[in-house]
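Novice: protein-v2.txt (compact mmCIF, C-alpha atoms) pasted underneath:
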```
# COMPACT_ATOMS: atom_id res chain seq x y z
CA MET A 47 -1.24 -15.68 7.92
CA LEU A 48 -2.95 -12.34 8.40
CA LYS A 49 -5.07 -11.40 5.40
CA SER A 50 -7.14 -8.31 4.75
CA PHE A 51 -10.59 -8.43 3.16
CA LYS A 52 -11.77 -5.07 1.84
CA TYR A 53 -15.37 -4.26 0.90
CA ARG A 54 -17.27 -1.21 -0.32
CA LEU A 55 -19.77 0.37 2.08
CA TYR A 56 -22.95 2.18 1.06
CA PRO A 57 -24.05 4.15 4.14
CA THR A 58 -27.21 6.21 4.28
CA THR A 59 -26.96 9.98 4.56
CA HIS A 60 -27.38 9.79 8.35
CA GLN A 61 -24.85 6.97 8.70
CA ALA A 62 -22.31 8.83 6.57
CA LYS A 63 -22.75 11.87 8.82
CA VAL A 64 -22.18 9.75 11.95
CA MET A 65 -19.09 8.15 10.40
CA GLN A 66 -17.73 11.58 9.49
CA THR A 67 -18.38 12.75 13.06
CA THR A 68 -16.43 9.73 14.34
CA LEU A 69 -13.51 10.69 12.12
CA ASP A 70 -13.62 14.28 13.39
CA GLU A 71 -13.63 13.17 17.04
CA CYS A 72 -10.77 10.74 16.43
CA ARG A 73 -8.81 13.49 14.70
CA TRP A 74 -9.37 15.85 17.63
CA LEU A 75 -8.27 13.17 20.11
CA TYR A 76 -5.17 12.36 18.03
CA ASN A 77 -4.11 16.02 17.96
CA HIS A 78 -4.85 16.38 21.68
CA MET A 79 -2.69 13.39 22.62
CA LEU A 80 0.06 14.54 20.30
CA GLU A 81 0.00 17.97 21.97
CA GLU A 82 0.16 16.32 25.41
CA ARG A 83 3.31 14.43 24.49
CA LYS A 84 4.87 17.51 22.92
CA ASN A 85 4.16 19.66 25.99
CA ALA A 86 5.30 16.96 28.41
CA TRP A 87 8.73 16.95 26.82
CA GLU A 88 9.07 20.71 26.27
CA GLN A 89 7.93 21.69 29.78
CA ASP A 90 9.08 18.82 32.02
CA GLU A 91 11.33 16.76 29.71
CA GLY A 92 9.06 13.85 30.54
CA SER A 93 7.54 11.20 28.33
CA LEU A 94 4.08 9.71 28.09
CA ASN A 95 3.18 6.19 26.98
CA TYR A 96 0.06 4.53 25.67
CA HIS A 97 -1.36 3.56 29.09
CA SER A 98 -0.89 7.00 30.64
CA GLN A 99 -2.89 8.57 27.80
CA ALA A 100 -5.54 5.86 27.36
CA VAL A 101 -6.67 6.14 30.99
CA THR A 102 -7.47 9.84 30.48
CA ILE A 103 -10.13 9.16 27.80
CA PRO A 104 -13.07 8.83 30.30
CA LYS A 105 -12.16 12.21 31.79
CA LEU A 106 -11.92 13.75 28.31
CA LYS A 107 -15.43 12.47 27.56
CA GLN A 108 -16.74 14.53 30.46
CA GLU A 109 -14.98 17.64 29.18
CA ARG A 110 -15.95 16.96 25.55
CA PRO A 111 -19.29 15.06 25.43
CA SER A 112 -19.10 14.61 21.65
CA LEU A 113 -16.36 11.99 22.18
CA SER A 114 -19.10 9.65 23.45
CA LEU A 115 -20.46 9.49 19.90
CA ALA A 116 -17.52 7.21 19.03
CA TYR A 117 -17.13 3.63 20.28
CA SER A 118 -14.81 3.40 23.29
CA GLN A 119 -12.33 0.98 21.70
CA VAL A 120 -12.14 3.20 18.61
CA LEU A 121 -10.90 6.01 20.85
CA GLN A 122 -8.42 3.68 22.53
CA ASN A 123 -7.05 2.80 19.11
CA VAL A 124 -6.29 6.49 18.55
CA ALA A 125 -3.94 6.32 21.53
CA VAL A 126 -2.33 3.26 19.95
CA ARG A 127 -1.74 5.21 16.72
CA VAL A 128 -0.09 8.07 18.57
CA ASP A 129 2.13 5.62 20.47
CA LEU A 130 3.15 3.83 17.26
CA ALA A 131 3.92 7.17 15.58
CA PHE A 132 6.36 8.09 18.34
CA LYS A 133 7.93 4.64 18.43
CA ALA A 134 8.59 4.92 14.70
CA PHE A 135 10.01 8.43 15.24
CA PHE A 136 12.49 7.27 17.89
CA ARG A 137 13.43 4.24 15.80
CA ARG A 138 14.35 6.52 12.89
CA VAL A 139 16.33 8.80 15.20
CA LYS A 140 18.38 5.87 16.53
CA ALA A 141 18.95 4.53 13.01
CA GLY A 142 20.26 7.90 11.84
CA GLU A 143 17.46 8.35 9.30
CA LYS A 144 15.42 11.48 8.69
CA PRO A 145 13.28 11.50 11.88
CA GLY A 146 10.01 13.02 10.68
CA TYR A 147 8.36 14.16 13.93
CA PRO A 148 4.65 13.13 14.12
CA ARG A 149 2.46 15.87 12.68
CA PHE A 150 -0.90 17.26 13.70
CA ARG A 151 -3.77 16.16 11.47
CA GLY A 152 -5.71 18.88 9.71
CA ARG A 153 -9.23 18.61 8.32
CA GLY A 154 -9.33 15.89 5.69
CA TRP A 155 -6.05 14.30 6.83
CA TYR A 156 -7.56 11.71 9.16
CA ASP A 157 -9.57 9.22 7.12
CA SER A 158 -9.98 5.95 9.06
CA PHE A 159 -10.96 4.52 12.44
CA THR A 160 -10.51 1.00 13.80
CA TYR A 161 -12.48 -1.43 15.94
CA PRO A 162 -9.59 -3.43 17.42
CA GLN A 163 -11.52 -6.25 19.13
CA SER A 164 -15.28 -5.86 19.27
CA GLY A 165 -18.14 -3.57 18.29
CA PHE A 166 -18.65 -4.99 14.81
CA SER A 167 -20.19 -7.98 13.05
CA THR A 168 -21.09 -9.03 9.52
CA GLY A 169 -24.37 -10.04 7.86
CA ASP A 170 -25.30 -11.39 4.44
CA ASP A 171 -25.08 -8.01 2.74
CA SER A 172 -24.26 -5.63 5.57
CA VAL A 173 -21.79 -4.73 8.30
CA ILE A 174 -22.99 -3.86 11.79
CA LEU A 175 -20.88 -1.16 13.45
CA SER A 176 -21.36 -0.01 17.02
CA LYS A 177 -22.60 3.60 17.36
CA ILE A 178 -23.30 3.65 13.59
CA GLY A 179 -25.76 0.85 12.85
CA THR A 180 -26.26 -1.66 10.05
CA VAL A 181 -24.45 -0.39 6.96
CA LYS A 182 -25.07 -1.88 3.53
CA ALA A 183 -21.97 -3.54 2.07
CA ILE A 184 -21.02 -5.49 -1.05
CA LEU A 185 -19.42 -8.65 0.37
CA HIS A 186 -18.15 -9.88 -2.98
CA ARG A 187 -16.06 -12.72 -1.52
CA PRO A 188 -16.34 -14.80 1.66
CA ILE A 189 -14.26 -13.99 4.72
CA THR A 190 -11.96 -16.85 5.74
CA GLY A 191 -10.45 -17.22 9.19
CA GLU A 192 -11.02 -15.41 12.46
CA ILE A 193 -11.62 -11.66 12.23
CA LYS A 194 -9.16 -9.74 14.38
CA THR A 195 -9.82 -6.08 13.60
CA CYS A 196 -12.23 -3.96 11.56
CA ASN A 197 -11.08 -0.75 9.88
CA VAL A 198 -13.47 1.77 8.33
CA SER A 199 -11.90 4.21 5.87
CA ARG A 200 -12.93 7.01 3.54
CA CYS A 201 -11.05 7.63 0.30
CA SER A 202 -10.38 11.02 -1.30
CA THR A 203 -13.41 10.68 -3.57
CA GLY A 204 -15.77 10.25 -0.61
CA LYS A 205 -16.29 6.48 -0.88
CA TRP A 206 -16.42 4.39 2.28
CA PHE A 207 -14.72 1.02 2.71
CA VAL A 208 -14.40 -1.56 5.47
CA SER A 209 -11.38 -3.84 5.88
CA PHE A 210 -11.28 -6.96 8.05
CA SER A 211 -7.91 -8.24 9.20
CA CYS A 212 -8.25 -12.01 9.58
CA ASP A 213 -6.05 -14.81 10.83
CA SER A 214 -6.63 -16.98 7.76
CA PRO A 215 -5.29 -20.49 7.13
CA ASP A 216 -2.99 -21.08 4.18
CA GLU A 217 -4.52 -22.30 0.94
CA PRO A 218 -1.83 -24.61 -0.54
CA LEU A 219 -2.07 -25.49 -4.21
CA LEU A 220 -1.16 -28.81 -5.81
CA PRO A 221 2.64 -29.34 -6.06
CA CYS A 222 4.25 -28.05 -9.27
CA ASP A 223 7.79 -28.69 -10.58
CA LYS A 224 7.89 -25.73 -12.96
CA ALA A 225 10.28 -22.89 -12.09
CA VAL A 226 10.47 -19.37 -13.50
CA GLY A 227 12.84 -16.43 -13.31
CA ILE A 228 11.28 -12.97 -13.66
CA ASP A 229 13.10 -9.86 -14.84
CA VAL A 230 11.14 -6.62 -14.56
CA GLY A 231 11.80 -3.57 -16.68
CA LEU A 232 10.35 -0.46 -18.33
CA GLU A 233 10.28 -1.44 -21.99
CA SER A 234 8.26 -4.50 -20.99
CA PHE A 235 6.83 -4.94 -17.50
CA ALA A 236 8.27 -8.44 -17.03
CA THR A 237 10.18 -11.05 -19.00
CA PHE A 238 9.98 -14.70 -17.94
CA SER A 239 12.76 -17.24 -18.30
CA THR A 240 10.30 -19.20 -20.44
CA GLY A 241 10.55 -16.44 -23.04
CA GLU A 242 7.16 -14.88 -22.36
CA VAL A 243 7.04 -11.09 -22.31
CA ILE A 244 4.44 -9.13 -20.31
CA ARG A 245 3.58 -5.78 -21.86
CA ASN A 246 4.04 -2.68 -19.72
CA PRO A 247 0.51 -1.16 -19.37
CA ARG A 248 1.76 2.34 -18.36
CA PHE A 249 -1.45 3.30 -16.59
CA PHE A 250 -0.25 6.75 -15.48
CA ARG A 251 1.08 7.63 -18.92
CA THR A 252 -2.28 6.68 -20.43
CA ASP A 253 -4.24 9.09 -18.22
CA GLU A 254 -1.52 11.74 -17.89
CA LYS A 255 -3.15 14.18 -20.32
CA ALA A 256 -6.57 13.86 -18.67
CA LEU A 257 -4.95 14.41 -15.27
CA ALA A 258 -3.03 17.49 -16.45
CA LYS A 259 -6.22 18.96 -17.92
CA ALA A 260 -8.13 18.42 -14.66
CA GLN A 261 -5.29 19.93 -12.61
CA ARG A 262 -5.12 23.03 -14.83
CA LYS A 263 -8.86 23.49 -14.42
CA MET A 264 -8.55 23.14 -10.63
CA ALA A 265 -5.73 25.70 -10.51
CA LYS A 266 -8.05 28.37 -11.94
CA PHE A 267 -10.19 28.39 -8.77
CA GLU A 268 -9.15 30.06 -5.55
CA LYS A 269 -8.44 27.87 -2.55
CA GLY A 270 -11.43 27.22 -0.33
CA THR A 271 -14.05 27.91 -3.00
CA PRO A 272 -16.78 25.41 -3.94
CA GLY A 273 -15.49 25.30 -7.50
CA ARG A 274 -12.05 24.20 -6.36
CA ARG A 275 -13.52 21.47 -4.14
CA LYS A 276 -15.52 20.16 -7.09
CA ALA A 277 -12.49 20.28 -9.39
CA ARG A 278 -10.32 18.57 -6.77
CA LYS A 279 -12.77 15.68 -6.69
CA VAL A 280 -12.32 15.20 -10.45
CA VAL A 281 -8.55 15.03 -9.96
CA SER A 282 -9.01 12.50 -7.15
CA HIS A 283 -11.21 10.34 -9.38
CA ILE A 284 -8.49 10.18 -12.04
CA HIS A 285 -5.83 9.24 -9.47
CA GLU A 286 -8.16 6.61 -8.04
CA ARG A 287 -8.82 5.13 -11.48
CA ILE A 288 -5.08 4.87 -12.17
CA ALA A 289 -4.41 3.23 -8.80
CA ASN A 290 -7.25 0.75 -9.21
CA ARG A 291 -6.09 -0.33 -12.66
CA ARG A 292 -2.51 -0.73 -11.49
CA SER A 293 -3.53 -2.77 -8.44
CA ASN A 294 -5.85 -4.98 -10.49
CA PHE A 295 -3.08 -5.68 -13.02
CA ALA A 296 -0.61 -6.62 -10.26
CA HIS A 297 -3.17 -8.87 -8.54
CA GLN A 298 -4.09 -10.75 -11.70
CA LEU A 299 -0.51 -11.24 -12.91
CA SER A 300 0.78 -12.37 -9.49
CA ARG A 301 -2.11 -14.82 -9.10
CA ARG A 302 -1.45 -16.28 -12.54
CA ILE A 303 2.27 -16.77 -11.77
CA VAL A 304 1.56 -18.46 -8.43
CA ASN A 305 -0.98 -20.79 -10.01
CA GLU A 306 1.35 -21.76 -12.88
CA PHE A 307 4.79 -22.13 -11.25
CA GLY A 308 6.03 -23.98 -8.17
CA THR A 309 9.31 -22.06 -7.83
CA ILE A 310 9.42 -18.30 -8.38
CA CYS A 311 12.74 -16.43 -8.61
CA VAL A 312 12.81 -12.63 -8.82
CA GLU A 313 15.37 -9.87 -8.41
CA ASP A 314 15.65 -7.97 -5.13
CA ILE A 315 15.05 -4.47 -6.51
CA GLN A 316 15.22 -1.36 -4.30
CA ALA A 317 12.87 0.86 -6.30
CA ASN A 318 13.13 3.76 -3.82
CA ARG A 319 16.81 4.11 -4.72
CA MET A 320 16.24 3.88 -8.46
CA VAL A 321 13.83 6.84 -8.55
CA HIS A 322 16.77 9.21 -7.92
CA ASN A 323 17.31 8.99 -11.68
CA HIS A 324 15.00 11.83 -12.69
CA CYS A 325 14.83 10.66 -16.30
CA LEU A 326 13.27 7.34 -15.28
CA ALA A 327 11.57 8.17 -11.95
CA LYS A 328 8.06 8.66 -13.35
CA SER A 329 8.20 5.44 -15.38
CA ILE A 330 9.57 3.45 -12.42
CA GLU A 331 6.81 4.70 -10.13
CA ASP A 332 4.22 3.96 -12.81
CA ALA A 333 5.44 0.36 -13.16
CA ALA A 334 4.96 -0.24 -9.38
CA TRP A 335 7.38 -3.15 -9.11
CA SER A 336 7.28 -3.09 -5.30
CA MET A 337 3.50 -3.54 -5.29
CA PHE A 338 3.76 -6.46 -7.72
CA PHE A 339 6.48 -8.19 -5.69
CA GLY A 340 4.51 -7.60 -2.48
CA TYR A 341 1.45 -9.33 -3.92
CA LEU A 342 3.63 -12.13 -5.27
CA VAL A 343 5.28 -12.77 -1.89
CA TYR A 344 2.13 -13.25 0.17
CA LYS A 345 0.31 -15.26 -2.50
CA ALA A 346 3.28 -17.57 -2.92
CA ALA A 347 3.53 -18.06 0.85
CA SER A 348 -0.19 -18.81 1.15
CA ALA A 349 -0.08 -21.27 -1.76
CA GLY A 350 3.00 -23.10 -0.48
CA ARG A 351 5.20 -22.02 -3.41
CA ARG A 352 8.97 -21.51 -3.16
CA TYR A 353 9.94 -17.87 -3.58
CA THR A 354 13.33 -16.20 -3.61
CA ALA A 355 14.60 -12.67 -4.29
CA ASP A 356 18.29 -12.43 -5.19
CA ASN A 357 20.81 -9.70 -5.91
CA PRO A 358 20.13 -8.29 -9.40
CA ALA A 359 23.75 -7.18 -9.96
CA TYR A 360 25.11 -8.06 -13.44
CA THR A 361 22.10 -10.21 -14.38
CA SER A 362 21.86 -8.32 -17.68
CA GLN A 363 25.62 -8.35 -18.33
CA ASP A 364 26.44 -12.00 -17.59
CA CYS A 365 25.92 -14.62 -20.26
CA SER A 366 23.32 -17.14 -19.11
CA ARG A 367 25.14 -19.92 -20.98
CA CYS A 368 28.88 -19.47 -20.32
CA GLY A 369 28.97 -16.72 -17.68
CA HIS A 370 31.02 -14.24 -19.72
CA ARG A 371 30.49 -10.65 -18.53
CA GLN A 372 30.41 -7.64 -20.82
CA ASN A 373 29.39 -4.03 -20.30
CA LEU A 374 26.04 -2.99 -21.75
CA SER A 375 24.35 0.40 -21.82
CA LEU A 376 20.62 0.85 -21.35
CA SER A 377 20.24 1.34 -25.10
CA ASP A 378 21.71 -2.12 -25.82
CA ARG A 379 18.64 -4.36 -25.96
CA VAL A 380 20.29 -7.52 -27.38
CA PHE A 381 22.90 -9.59 -25.55
CA ASN A 382 25.48 -10.97 -27.99
CA CYS A 383 28.06 -13.17 -26.28
CA PRO A 384 31.47 -13.17 -28.06
CA CYS A 385 32.51 -16.41 -26.32
CA CYS A 386 29.64 -18.87 -26.90
CA GLN A 387 27.86 -16.89 -29.66
CA LEU A 388 24.63 -16.69 -27.64
CA VAL A 389 22.21 -14.07 -28.96
CA LEU A 390 19.25 -13.20 -26.71
CA HIS A 391 17.18 -10.21 -25.74
CA ARG A 392 18.90 -8.75 -22.70
CA ASP A 393 15.77 -9.11 -20.51
CA HIS A 394 15.37 -12.78 -21.43
CA ASN A 395 19.06 -13.36 -20.67
CA ALA A 396 18.62 -11.60 -17.31
CA SER A 397 15.60 -13.74 -16.41
CA LEU A 398 17.64 -16.91 -17.08
CA ASN A 399 20.40 -15.64 -14.78
CA ILE A 400 17.82 -14.78 -12.10
CA LEU A 401 16.40 -18.29 -12.34
CA ALA A 402 19.85 -19.86 -11.99
CA ARG A 403 20.73 -17.70 -8.98
CA GLY A 404 17.39 -18.39 -7.33
CA LEU A 405 17.67 -22.15 -7.73
CA ALA A 406 21.23 -22.06 -6.39
CA SER A 407 20.21 -20.03 -3.31
CA LEU A 408 17.27 -22.35 -2.62
CA ALA A 409 19.53 -25.39 -2.95
CA SER A 410 22.09 -23.95 -0.54
CA ALA A 411 19.39 -22.98 1.93
```
Please express what this file holds, its structure, as structure tokens.
Specialist:
Amino acid sequence: MLKSFKYRLYPTTHQAKVMQTTLDECRWLYNHMLEERKNAWEQDEGSLNYHSQAVTIPKLKQERPSLSLAYSQVLQNVAVRVDLAFKAFFRRVKAGEKPGYPRFRGRGWYDSFTYPQSGFSTGDDSVILSKIGTVKAILHRPITGEIKTCNVSRCSTGKWFVSFSCDSPDEPLLPCDKAVGIDVGLESFATFSTGEVIRNPRFFRTDEKALAKAQRKMAKFEKGTPGRRKARKVVSHIHERIANRRSNFAHQLSRRIVNEFGTICVEDIQANRMVHNHCLAKSIEDAAWSMFFGYLVYKAASAGRRYTADNPAYTSQDCSRCGHRQNLSLSDRVFNCPCCQLVLHRDHNASLNILARGLASLASA
């Protein structure tokens, strides 16, 4: 299994300048290769591939000596990114989706570079990067497995991070016979078939007033002024704090579930379709169900747990005891079955149905 290990970097002023220069050169090369492909089609109706562009990098170094400041394989990876962008574009065209032609990257819109094979190594409290030097890092957890790639990124608040993609072995846990069905919602983040209810933290709603205040302050400055850049950084810090809290919550809850249960049954929710309801879109995005399920999937696979995602249709409207179906509105929070007299909170009833469907699908598989 491929796992990513992300660490915070603390470069010196000189190292940060070199890393920023590397980003600028990669951005220039990306735009140059994108322009080449665009012109090749518009002028000759021809197409370029990765190899035809990668072999031109040595010649470009002669025309633009500043490209030599970046490691050679980092520049080759830029050609890979351009190639992947066009492959994704043509895939969307064939699938009939909105194509989204690859766009040129402006200043501040290219924030990472990758060492695909070599040019990097790790120390006790540092990361050695070719053309940059030994950069101080906080390696807060050990790296397991063989390192495949190294990605250096800069966030909107100016912090630098390094991510190692590793081919790590699975870490199976002791077998467990306990099974759980999980129903996610907005009133409560999740309801387990065991009856436990996980409170919805609503991280964005908590900081929404502080964010609105910072955005109003930023809007008072003209674009391009130092005051606006300073105010924009405050806005970025608030967004970063919200994202970090949300990710930490999803990590901790998913780890707890994987450690406690041997069989995990969830509902296959398409959150991107549900956000078309403008009354609930903000709350759905704030809950970040897709992030939580993503963390749950890879942790369950690494731990050797059974995981299934089933169709959520009618899980709230079917009785978990006798199967009777009745129509419920979103305001109806209690399921009262007229056939078997079952009275349950609708989310608890849904989690029991999800558990039953999951166990049935695993048995049939």
Novice: Can you pull out the residues contacting Arg248 in chain A? Cut-off 9 Å, using only C-alpha atoms, and skip same-chain residues under 5 positions away; I want them as an mmCIF file with C-alpha atoms, keeping the file's coordinate frame.
Specialist:
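Generated output (result_29.cif):
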```cif
data_model
loop_
_atom_site.group_PDB
_atom_site.id
_atom_site.type_symbol
_atom_site.label_atom_id
_atom_site.label_comp_id
_atom_site.auth_asym_id
_atom_site.auth_seq_id
_atom_site.Cartn_x
_atom_site.Cartn_y
_atom_site.Cartn_z
ATOM 1 C CA PHE A 235 6.830 -4.940 -17.500
ATOM 2 C CA ARG A 292 -2.510 -0.730 -11.490
ATOM 3 C CA SER A 329 8.200 5.440 -15.380
ATOM 4 C CA ASP A 332 4.220 3.960 -12.810
ATOM 5 C CA ALA A 333 5.440 0.360 -13.160
#
```
Novice: Go ahead and compute the interatomic distance for CA of Thr102 in chain A and CA of Trp87 in chain A, in Å to one decimal.
Specialist: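 About the pair CA of Thr102 in chain A and CA of Trp87 in chain A: they are 18.1 Å apart.
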Novice: Expressed in Å to a single decimal, how great is the separation between CA of Cys212 in chain A and CA of Lys345 in chain A?
Specialist: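 Computing it gives 15.2 Å between the two atoms.
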Novice: Give me the residues within 9 Å of Tyr341 in chain A as a CSV table (one decimal) with C-alpha atoms, in the coordinates of the input, counting only C-alpha atoms and dropping any in the same chain fewer than 4 places off.
Specialist:
```
chain,number,residue,atom,x,y,z
A,296,ALA,CA,-0.6,-6.6,-10.3
A,297,HIS,CA,-3.2,-8.9,-8.5
A,300,SER,CA,0.8,-12.4,-9.5
A,301,ARG,CA,-2.1,-14.8,-9.1
A,336,SER,CA,7.3,-3.1,-5.3
A,337,MET,CA,3.5,-3.5,-5.3
A,345,LYS,CA,0.3,-15.3,-2.5
A,346,ALA,CA,3.3,-17.6,-2.9
```
Novice: Rank A:Ala396, A:Val124, A:Ala260, A:Ala347 by their smallest atom-to-atom distance to Ser239 in chain A, using only C-alpha atoms, and report the top residue only.
Specialist: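 Closest to Ser239 in chain A, using only C-alpha atoms: A:Ala396.
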Novice: How many Å separate CA of Met320 in chain A from CA of Cys201 in chain A?
Specialist: 28.9 Å
Novice: Quick one: residues within 8 Å of Tyr56 in chain A, only C-alpha atoms, excluding same-chain residues fewer than 2 positions away - as a ChimeraX atom specification?
Specialist: /A:54,58,181-183,206
Novice: Got a sec: who's within 9 Å of Cys368 in chain A, counting all atoms listed in the file, leaving out chain neighbours fewer than 5 positions off, as JSON, numbers by chain?
Specialist: {"A": [383, 385, 386, 388]}
Novice: At a cut-off of 12 Å, using only C-alpha atoms, what residues contact Arg371 in chain A? Leave out same-chain residues fewer than 6 positions from it and give the result as a ChimeraX atom specification.
Specialist: /A:359-365,381-386,395-396,399
Novice: For the residues selected in the previous step, produce a file with C-alpha atoms as a PDB file, keeping the file's coordinate frame.
Specialist:
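Output below, filename part.pdb:
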```pdb
ATOM      1  CA  ALA A 359      23.750  -7.180  -9.960  1.00  0.00           C
ATOM      2  CA  TYR A 360      25.110  -8.060 -13.440  1.00  0.00           C
ATOM      3  CA  THR A 361      22.100 -10.210 -14.380  1.00  0.00           C
ATOM      4  CA  SER A 362      21.860  -8.320 -17.680  1.00  0.00           C
ATOM      5  CA  GLN A 363      25.620  -8.350 -18.330  1.00  0.00           C
ATOM      6  CA  ASP A 364      26.440 -12.000 -17.590  1.00  0.00           C
ATOM      7  CA  CYS A 365      25.920 -14.620 -20.260  1.00  0.00           C
ATOM      8  CA  PHE A 381      22.900  -9.590 -25.550  1.00  0.00           C
ATOM      9  CA  ASN A 382      25.480 -10.970 -27.990  1.00  0.00           C
ATOM     10  CA  CYS A 383      28.060 -13.170 -26.280  1.00  0.00           C
ATOM     11  CA  PRO A 384      31.470 -13.170 -28.060  1.00  0.00           C
ATOM     12  CA  CYS A 385      32.510 -16.410 -26.320  1.00  0.00           C
ATOM     13  CA  CYS A 386      29.640 -18.870 -26.900  1.00  0.00           C
ATOM     14  CA  ASN A 395      19.060 -13.360 -20.670  1.00  0.00           C
ATOM     15  CA  ALA A 396      18.620 -11.600 -17.310  1.00  0.00           C
ATOM     16  CA  ASN A 399      20.400 -15.640 -14.780  1.00  0.00           C
TER      17      ASN A 399
END
```
Novice: At a cut-off of 7 Å, can you tabulate as a tab-separated table every residue of range 94-179 of chain A near range 60-77 of chain A together with its closest atom pair and the distance in Å to one decimal, using only C-alpha atoms and ordering rows by chain then number?
Specialist:
```
residue	atom	partner	partner_atom	distance
A:Leu113	CA	A:Glu71	CA	5.9
A:Leu115	CA	A:Thr68	CA	6.9
A:Ala116	CA	A:Thr68	CA	5.4
A:Leu121	CA	A:Cys72	CA	6.5
A:Val124	CA	A:Tyr76	CA	6.0
A:Val128	CA	A:Tyr76	CA	6.7
A:Phe150	CA	A:Asn77	CA	5.5
A:Arg151	CA	A:Asn77	CA	6.5
A:Tyr156	CA	A:Arg73	CA	6.0
A:Asp157	CA	A:Leu69	CA	6.5
A:Ser158	CA	A:Leu69	CA	6.7
A:Phe159	CA	A:Leu69	CA	6.7
A:Ile178	CA	A:Gln61	CA	6.1
```
Novice: Take the point (-13.4, 0.5, 4.5) as written in the file and pick out every residue within 9 Å of it, counting only C-alpha atoms; give the list as number ranges by chain.
Specialist: A: 52-55, 158, 196-201, 205-210
Novice: Under the rule that only C-alpha atoms are counted, which of A:Pro148, A:Glu313, A:Leu376, A:Gly92 is the nearest residue to Thr237 in chain A?
Specialist: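 Nearest candidate to Thr237 in chain A out of A:Pro148, A:Glu313, A:Leu376, A:Gly92: A:Glu313.
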Novice: From the list A:Arg351, A:Lys279, A:His78, A:Arg149, which residue is nearest Gly308 in chain A when using only C-alpha atoms?
Specialist: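 The closest residue to Gly308 in chain A is A:Arg351.
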Novice: Using only C-alpha atoms, which of A:Lys177, A:Arg291, A:Arg83, A:Arg302 sits nearest Ala334 in chain A?
Specialist: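 When distances to Ala334 in chain A are compared using only C-alpha atoms, the smallest one comes from A:Arg291.
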Novice: Taking (-12.0, -6.1, 16.5) in the file's coordinates, which residues come within 10 Å, counting all atoms listed in the file, written as a list of chain:residue names?
Specialist: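 Within the cut-off we find A:Gln119, A:Val120, A:Thr160, A:Tyr161, A:Pro162, A:Gln163, A:Ser164, A:Gly165, A:Phe166, A:Ser167, A:Ile193, A:Lys194, A:Thr195, A:Cys196, A:Asn197, A:Phe210, A:Ser211, A:Cys212.
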